[in-house]
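Undergrad: Please see the structure below; I have some questions.
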Amino acid sequence: MSDGIHTVRGRIFDIQKFSVHDGPGIRTIVFLKGCVLRCRWCCNPESQNWEIEGMIQNGVKKTVGRDITVGEVMTKVLQDKPYYRRSGGGLTLSGGETLCQPEFARALLLACRASGINTAIETTLCADYSVIESIAALVDTFLVDIKHMDSEKHRQFTTQPNDRILENAKRLASSGANMVVRVPVIPTFNDTPAELHAIAAFAHDTLKAKEMHILPYHRLGYDKYIGLGREYLMGDLPSPTKEAMTFFKDICMSAGITCHIGG
Ligand code: SF4
C-alpha cells in the first residue's frame, strides 16, 4: 500500500466486526459519517450529519464521529483476514452514505484490492455518476438501496427525489456491476404489494440484479433520536409481521427475482 493511500483521512462513526448481514461471508463494516438523505425511518440518525456531534446513550453523553486514516482502518480490517478467506467475506463500506466521502472510500477500496480483500459498499447511489464511476471497478458487490419507484413519495419520506438514484442504478447495471437490491419495507411508505412488485420488476428486468433483500422496518433507532434531541417522525407504527414479510417476499419473487428477507 502506498503512503498516499495509507494517509488519506475520512470520518466514520463506527467499525463493526464479524457482520454476516451486509455482503457475502464474514465482514468488517466501516460506517462513514454523512448522508444526503434524511429517511424518516433511519435507524442510524447519528450517521446523517457530517459534523462530529454529541449523543446521549443510556444516560451518558458520547461523541459520535471521529477522523481516521485509511492505514488505521486497514489495521483493524486486516486482523480478520483469515475469516474473510474462509467465508468469502471482506470489507463493507456503509454509513451514512459511502459516496459522500469518495476520496476516502476510493483509498480504502484500493487498500483492500492491494491486500486481496473482497469489497462491498452499501449505497443509495445518490451522487454524481462520476463519483460512482471513480470507485466502481474497485467494488465487488454493490448493495443498492431502492426505496420507492415514485419520485414524489420518495422525496416526502427521504427529502430527496429518486430520479438520479434510478438513473445511476441503470447506468451502473449497464456497466456490468454486481448488484444486490435492498429494500427497507416501511409502513405507510412502500409496504404494498404493488410497490414492492414494481421495485422487484425494476431490479430484475432493468438492473438484472443478482438478488433482492427486503428488510423489515424496526424502531431500534428510536432512542438515538431522543439522545440526539431530535424528533422521531415514524411515531409508533409497528414493524411488518413475519407473515407480511413472507407475503412480500413471494410478491417480489413473482417478478422473477430471488428474494430474501433480511440482509
Ligand atoms: S440513506 Fe441510509 S443512512 Fe441515509 S438517511 Fe436513509 S437510512 Fe439513513
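By order in the C-alpha cells, chains are A, B, ...; within a chain, residues start at 1; ligands start at 1, following the order shown.
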Using only C-alpha atoms, determine which residues lie at most 9 Å from segment 150-153 of chain A, disregarding the query and same-chain residues fewer than 2 positions distant; provide the list as JSON, numbers by chain.
TA: {"A": [148, 155, 156, 157, 158, 160, 161, 162, 163, 189, 195]}
Undergrad: Could you pull the residues within 8 Å of segment 235-247 of chain A, counting only C-alpha atoms, minus those fewer than 3 positions along the same chain, as a PyMOL selection string?
TA: chain A and resi 185-187+214+216-219+232+250-251+261
Undergrad: Keeping N, CA and C atoms, export the residues of the selection given above as a PDB file, in the first residue's frame.
TA:
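And here's part-v1.pdb as it stands now:
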```pdb
ATOM      1  N   VAL A 185     -38.661  -2.222   4.117  1.00  0.00           N
ATOM      2  CA  VAL A 185     -40.133  -2.273   3.992  1.00  0.00           C
ATOM      3  C   VAL A 185     -40.722  -1.406   5.101  1.00  0.00           C
ATOM      4  N   ILE A 186     -41.261  -0.254   4.679  1.00  0.00           N
ATOM      5  CA  ILE A 186     -41.625   0.799   5.631  1.00  0.00           C
ATOM      6  C   ILE A 186     -43.134   1.039   5.625  1.00  0.00           C
ATOM      7  N   PRO A 187     -43.782   0.872   6.782  1.00  0.00           N
ATOM      8  CA  PRO A 187     -45.233   1.098   6.835  1.00  0.00           C
ATOM      9  C   PRO A 187     -45.604   2.510   6.395  1.00  0.00           C
ATOM     10  N   ILE A 214     -35.274  -7.813   1.252  1.00  0.00           N
ATOM     11  CA  ILE A 214     -36.261  -6.911   1.854  1.00  0.00           C
ATOM     12  C   ILE A 214     -36.031  -6.891   3.372  1.00  0.00           C
ATOM     13  N   PRO A 216     -37.253  -5.588   7.085  1.00  0.00           N
ATOM     14  CA  PRO A 216     -38.429  -5.054   7.793  1.00  0.00           C
ATOM     15  C   PRO A 216     -38.091  -3.819   8.620  1.00  0.00           C
ATOM     16  N   TYR A 217     -38.974  -2.830   8.547  1.00  0.00           N
ATOM     17  CA  TYR A 217     -38.855  -1.641   9.398  1.00  0.00           C
ATOM     18  C   TYR A 217     -38.805  -2.064  10.869  1.00  0.00           C
ATOM     19  N   HIS A 218     -37.969  -1.363  11.649  1.00  0.00           N
ATOM     20  CA  HIS A 218     -37.962  -1.564  13.114  1.00  0.00           C
ATOM     21  C   HIS A 218     -37.728  -0.219  13.777  1.00  0.00           C
ATOM     22  N   ARG A 219     -37.961  -0.184  15.087  1.00  0.00           N
ATOM     23  CA  ARG A 219     -37.859   1.082  15.822  1.00  0.00           C
ATOM     24  C   ARG A 219     -36.601   1.131  16.679  1.00  0.00           C
ATOM     25  N   TYR A 232     -38.665  11.788  16.460  1.00  0.00           N
ATOM     26  CA  TYR A 232     -38.772  10.529  15.731  1.00  0.00           C
ATOM     27  C   TYR A 232     -40.048  10.569  14.893  1.00  0.00           C
ATOM     28  N   ASP A 250     -42.842 -13.298  -1.416  1.00  0.00           N
ATOM     29  CA  ASP A 250     -43.472 -14.042  -2.521  1.00  0.00           C
ATOM     30  C   ASP A 250     -43.870 -13.088  -3.659  1.00  0.00           C
ATOM     31  N   ILE A 251     -44.343 -11.906  -3.288  1.00  0.00           N
ATOM     32  CA  ILE A 251     -44.705 -10.899  -4.305  1.00  0.00           C
ATOM     33  C   ILE A 251     -43.468 -10.535  -5.140  1.00  0.00           C
ATOM     34  N   ILE A 261     -35.496 -12.326   2.930  1.00  0.00           N
ATOM     35  CA  ILE A 261     -35.869 -11.407   3.997  1.00  0.00           C
ATOM     36  C   ILE A 261     -34.622 -11.189   4.848  1.00  0.00           C
TER      37      ILE A 261
END
```
Undergrad: Which one of A:Arg9, A:Arg164, A:Lys33, A:Arg38 sits closest to ligand 1 if you count only C-alpha atoms and all ligand atoms?
TA: A:Arg38
Undergrad: Per residue of chain A within 6 Å of ligand 1, which atom pair is closest and at what distance in Å (one decimal), using only C-alpha atoms and all ligand atoms, listed by chain and increasing number, as CSV?
TA:
```
residue,atom,partner,partner_atom_place_in_ligand_line,distance
A:Cys35,CA,ligand 1,4 (Fe),4.8
A:Leu37,CA,ligand 1,5 (S),4.6
A:Arg38,CA,ligand 1,5 (S),4.0
A:Cys39,CA,ligand 1,6 (Fe),4.1
A:Cys42,CA,ligand 1,7 (S),4.0
A:Asn44,CA,ligand 1,8 (Fe),5.8
A:Gln48,CA,ligand 1,5 (S),5.9
A:Gly95,CA,ligand 1,3 (S),5.4
A:Gly96,CA,ligand 1,3 (S),3.8
A:Glu97,CA,ligand 1,3 (S),5.9
A:Thr124,CA,ligand 1,1 (S),5.9
```
Undergrad: Could those residues be written to a file, using N, CA and C atoms, as a PDB file, in the first residue's frame?
TA:
```pdb
ATOM      1  N   CYS A  35     -24.698  11.840   5.151  1.00  0.00           N
ATOM      2  CA  CYS A  35     -25.650  11.281   4.185  1.00  0.00           C
ATOM      3  C   CYS A  35     -26.443  12.424   3.578  1.00  0.00           C
ATOM      4  N   LEU A  37     -29.503  11.910   2.251  1.00  0.00           N
ATOM      5  CA  LEU A  37     -30.914  11.654   2.511  1.00  0.00           C
ATOM      6  C   LEU A  37     -31.218  11.852   3.999  1.00  0.00           C
ATOM      7  N   ARG A  38     -32.476  11.959   4.308  1.00  0.00           N
ATOM      8  CA  ARG A  38     -32.939  12.006   5.701  1.00  0.00           C
ATOM      9  C   ARG A  38     -34.160  11.090   5.795  1.00  0.00           C
ATOM     10  N   CYS A  39     -33.941   9.804   5.637  1.00  0.00           N
ATOM     11  CA  CYS A  39     -35.052   8.857   5.660  1.00  0.00           C
ATOM     12  C   CYS A  39     -35.712   8.896   7.033  1.00  0.00           C
ATOM     13  N   CYS A  42     -34.710   6.083   9.381  1.00  0.00           N
ATOM     14  CA  CYS A  42     -33.276   5.762   9.508  1.00  0.00           C
ATOM     15  C   CYS A  42     -32.950   5.295  10.931  1.00  0.00           C
ATOM     16  N   ASN A  44     -29.936   4.781  11.982  1.00  0.00           N
ATOM     17  CA  ASN A  44     -28.636   5.352  12.373  1.00  0.00           C
ATOM     18  C   ASN A  44     -28.651   6.870  12.165  1.00  0.00           C
ATOM     19  N   GLN A  48     -26.106  10.721   9.884  1.00  0.00           N
ATOM     20  CA  GLN A  48     -26.546  11.627   8.826  1.00  0.00           C
ATOM     21  C   GLN A  48     -25.720  12.904   8.715  1.00  0.00           C
ATOM     22  N   GLY A  95     -22.910   3.394   5.982  1.00  0.00           N
ATOM     23  CA  GLY A  95     -22.989   4.750   6.530  1.00  0.00           C
ATOM     24  C   GLY A  95     -24.250   4.953   7.343  1.00  0.00           C
ATOM     25  N   GLY A  96     -24.738   6.184   7.151  1.00  0.00           N
ATOM     26  CA  GLY A  96     -24.360   7.226   6.210  1.00  0.00           C
ATOM     27  C   GLY A  96     -24.326   6.743   4.750  1.00  0.00           C
ATOM     28  N   GLU A  97     -23.755   7.584   3.941  1.00  0.00           N
ATOM     29  CA  GLU A  97     -23.638   7.292   2.518  1.00  0.00           C
ATOM     30  C   GLU A  97     -22.164   7.292   2.142  1.00  0.00           C
ATOM     31  N   THR A 124     -26.997   4.444  -1.565  1.00  0.00           N
ATOM     32  CA  THR A 124     -28.244   4.861  -2.212  1.00  0.00           C
ATOM     33  C   THR A 124     -27.996   5.286  -3.662  1.00  0.00           C
TER      34      THR A 124
END
```
Undergrad: Apply DSSP to the structure's backbone, then extract all residues of segment 24-213 of chain A labelled helix (DSSP H, G or I) and return them as a VMD selection string.
TA: chain A and resid 45 to 47 70 to 78 81 to 87 98 to 100 102 to 115 129 to 136 151 to 158 163 to 174 193 to 206
Undergrad: Those residues you just picked out, can you put them in a file as a compact mmCIF listing (two decimals), in the first residue's frame with C-alpha atoms?
TA:
```
# COMPACT_ATOMS: atom_id res chain seq x y z
CA PRO A 45 -29.57 9.05 12.67
CA GLU A 46 -26.12 9.72 14.10
CA SER A 47 -24.76 8.84 10.64
CA VAL A 70 -7.03 4.53 5.76
CA GLY A 71 -3.99 2.94 7.39
CA GLU A 72 -5.72 2.89 10.79
CA VAL A 73 -8.88 1.36 9.32
CA MET A 74 -6.88 -1.25 7.42
CA THR A 75 -5.02 -2.31 10.58
CA LYS A 76 -8.40 -3.35 12.01
CA VAL A 77 -9.70 -4.82 8.75
CA LEU A 78 -6.62 -6.98 8.20
CA LYS A 81 -8.33 -11.72 7.02
CA PRO A 82 -8.38 -15.47 7.87
CA TYR A 83 -12.16 -15.24 8.49
CA TYR A 84 -12.73 -13.46 5.19
CA ARG A 85 -10.74 -16.10 3.34
CA ARG A 86 -12.68 -18.99 4.85
CA SER A 87 -16.13 -17.40 4.48
CA THR A 98 -20.28 5.97 1.35
CA LEU A 99 -20.37 8.20 -1.73
CA CYS A 100 -20.29 11.36 0.42
CA PRO A 102 -15.37 9.48 -2.37
CA GLU A 103 -11.62 10.00 -1.83
CA PHE A 104 -11.64 8.13 1.47
CA ALA A 105 -13.83 5.37 0.04
CA ARG A 106 -11.63 5.00 -3.03
CA ALA A 107 -8.46 4.83 -0.94
CA LEU A 108 -9.98 2.18 1.35
CA LEU A 109 -11.12 0.13 -1.62
CA LEU A 110 -7.69 0.42 -3.25
CA ALA A 111 -6.06 -0.71 0.00
CA CYS A 112 -8.37 -3.73 0.07
CA ARG A 113 -7.51 -4.56 -3.54
CA ALA A 114 -3.81 -4.39 -2.67
CA SER A 115 -4.40 -6.83 0.21
CA TYR A 129 -22.35 9.39 -11.61
CA SER A 130 -18.70 10.44 -11.92
CA VAL A 131 -18.30 9.65 -8.21
CA ILE A 132 -19.75 6.18 -8.67
CA GLU A 133 -17.58 5.63 -11.74
CA SER A 134 -14.46 6.59 -9.78
CA ILE A 135 -14.85 3.60 -7.45
CA ALA A 136 -16.94 1.09 -9.42
CA SER A 151 -40.16 10.25 -7.01
CA GLU A 152 -42.55 12.48 -5.06
CA LYS A 153 -43.27 9.83 -2.44
CA HIS A 154 -39.53 9.20 -2.19
CA ARG A 155 -38.95 12.90 -1.59
CA GLN A 156 -41.67 13.11 1.06
CA PHE A 157 -40.10 10.35 3.15
CA THR A 158 -36.37 10.88 2.48
CA ASP A 163 -34.69 10.30 -10.35
CA ARG A 164 -30.92 10.45 -10.02
CA ILE A 165 -30.87 7.26 -7.92
CA LEU A 166 -32.78 5.22 -10.51
CA GLU A 167 -30.79 6.70 -13.40
CA ASN A 168 -27.50 5.92 -11.66
CA ALA A 169 -28.68 2.39 -10.88
CA LYS A 170 -29.43 1.83 -14.57
CA ARG A 171 -26.03 3.16 -15.65
CA LEU A 172 -24.24 1.10 -13.05
CA ALA A 173 -26.14 -2.03 -14.08
CA SER A 174 -25.30 -1.48 -17.74
CA PRO A 193 -47.81 -5.49 -2.99
CA ALA A 194 -47.96 -3.09 -5.93
CA GLU A 195 -44.98 -1.01 -4.80
CA LEU A 196 -42.79 -3.93 -3.82
CA HIS A 197 -43.61 -5.72 -7.07
CA ALA A 198 -42.68 -2.58 -9.02
CA ILE A 199 -39.29 -2.38 -7.27
CA ALA A 200 -38.71 -6.11 -7.80
CA ALA A 201 -39.54 -5.81 -11.51
CA PHE A 202 -37.13 -2.87 -11.86
CA ALA A 203 -34.41 -4.83 -10.03
CA HIS A 204 -34.95 -7.94 -12.17
CA ASP A 205 -35.86 -6.59 -15.61
CA THR A 206 -33.90 -3.35 -15.77
```
Undergrad: Can you list, as a list in words, every protein, DNA or RNA residue that comes within 8 Å of Leu228 of chain A when you count only C-alpha atoms, leaving out same-chain residues fewer than 6 positions away?
TA: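 Returned residues: Glu46, Gly54, Met55 and Ile56 of chain A.
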Undergrad: Would you mind exporting the chosen residues as a short mmCIF file (atom, residue, chain, number, x, y, z; two decimals), in the first residue's frame, restricted to N, CA and C atoms?
TA:
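Written out: again_7.cif:
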```cif
data_model
loop_
_atom_site.label_atom_id
_atom_site.label_comp_id
_atom_site.auth_asym_id
_atom_site.auth_seq_id
_atom_site.Cartn_x
_atom_site.Cartn_y
_atom_site.Cartn_z
N GLU A 46 -27.43 9.12 13.79
CA GLU A 46 -26.12 9.72 14.10
C GLU A 46 -25.17 9.65 12.90
N GLY A 54 -22.63 15.23 19.67
CA GLY A 54 -22.86 14.53 20.93
C GLY A 54 -24.19 13.79 20.89
N MET A 55 -24.22 12.62 21.52
CA MET A 55 -25.49 11.86 21.60
C MET A 55 -25.55 11.21 22.98
N ILE A 56 -26.70 11.36 23.64
CA ILE A 56 -26.84 10.73 24.96
C ILE A 56 -27.34 9.31 24.77
#
```
Undergrad: Just asking: which residues within segment 75-162 of chain A are strand (DSSP E or B) according to DSSP, as a ChimeraX atom specification?
TA: /A:90-94,118-123,141-145
Undergrad: Please compute the atom CA of Asp67 of chain A-atom CA of Arg11 of chain A distance, one decimal, in Å.
TA: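 Value for the atom CA of Asp67 of chain A-atom CA of Arg11 of chain A distance: 4.4 Å.
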Undergrad: When you count only C-alpha atoms, which of these residues is closest to Val139 of chain A: A:Thr63, A:Gln101, A:Ser94, A:Thr119?
TA: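 Closest to Val139 of chain A of all the choices is A:Thr119.
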Undergrad: How many Å lie between atom CA of Ala127 of chain A and atom CA of Ala209 of chain A, rounded to one decimal?
TA: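 So the answer is 20.0 Å.
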Undergrad: Pick the closest to Val64 of chain A from A:Thr159, A:Ala177, A:Gly227, A:Cys259: which is it, counting only C-alpha atoms?
TA: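 For Val64 of chain A, the nearest of the given residues is A:Gly227.
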Undergrad: I want to know what sits within 6 Å of segment 12-25 of chain A, based on only C-alpha atoms, with residues of the same chain fewer than 4 positions away left out; could you give that as a PyMOL selection string?
TA: chain A and resi 29-33+64-66+87-89+263
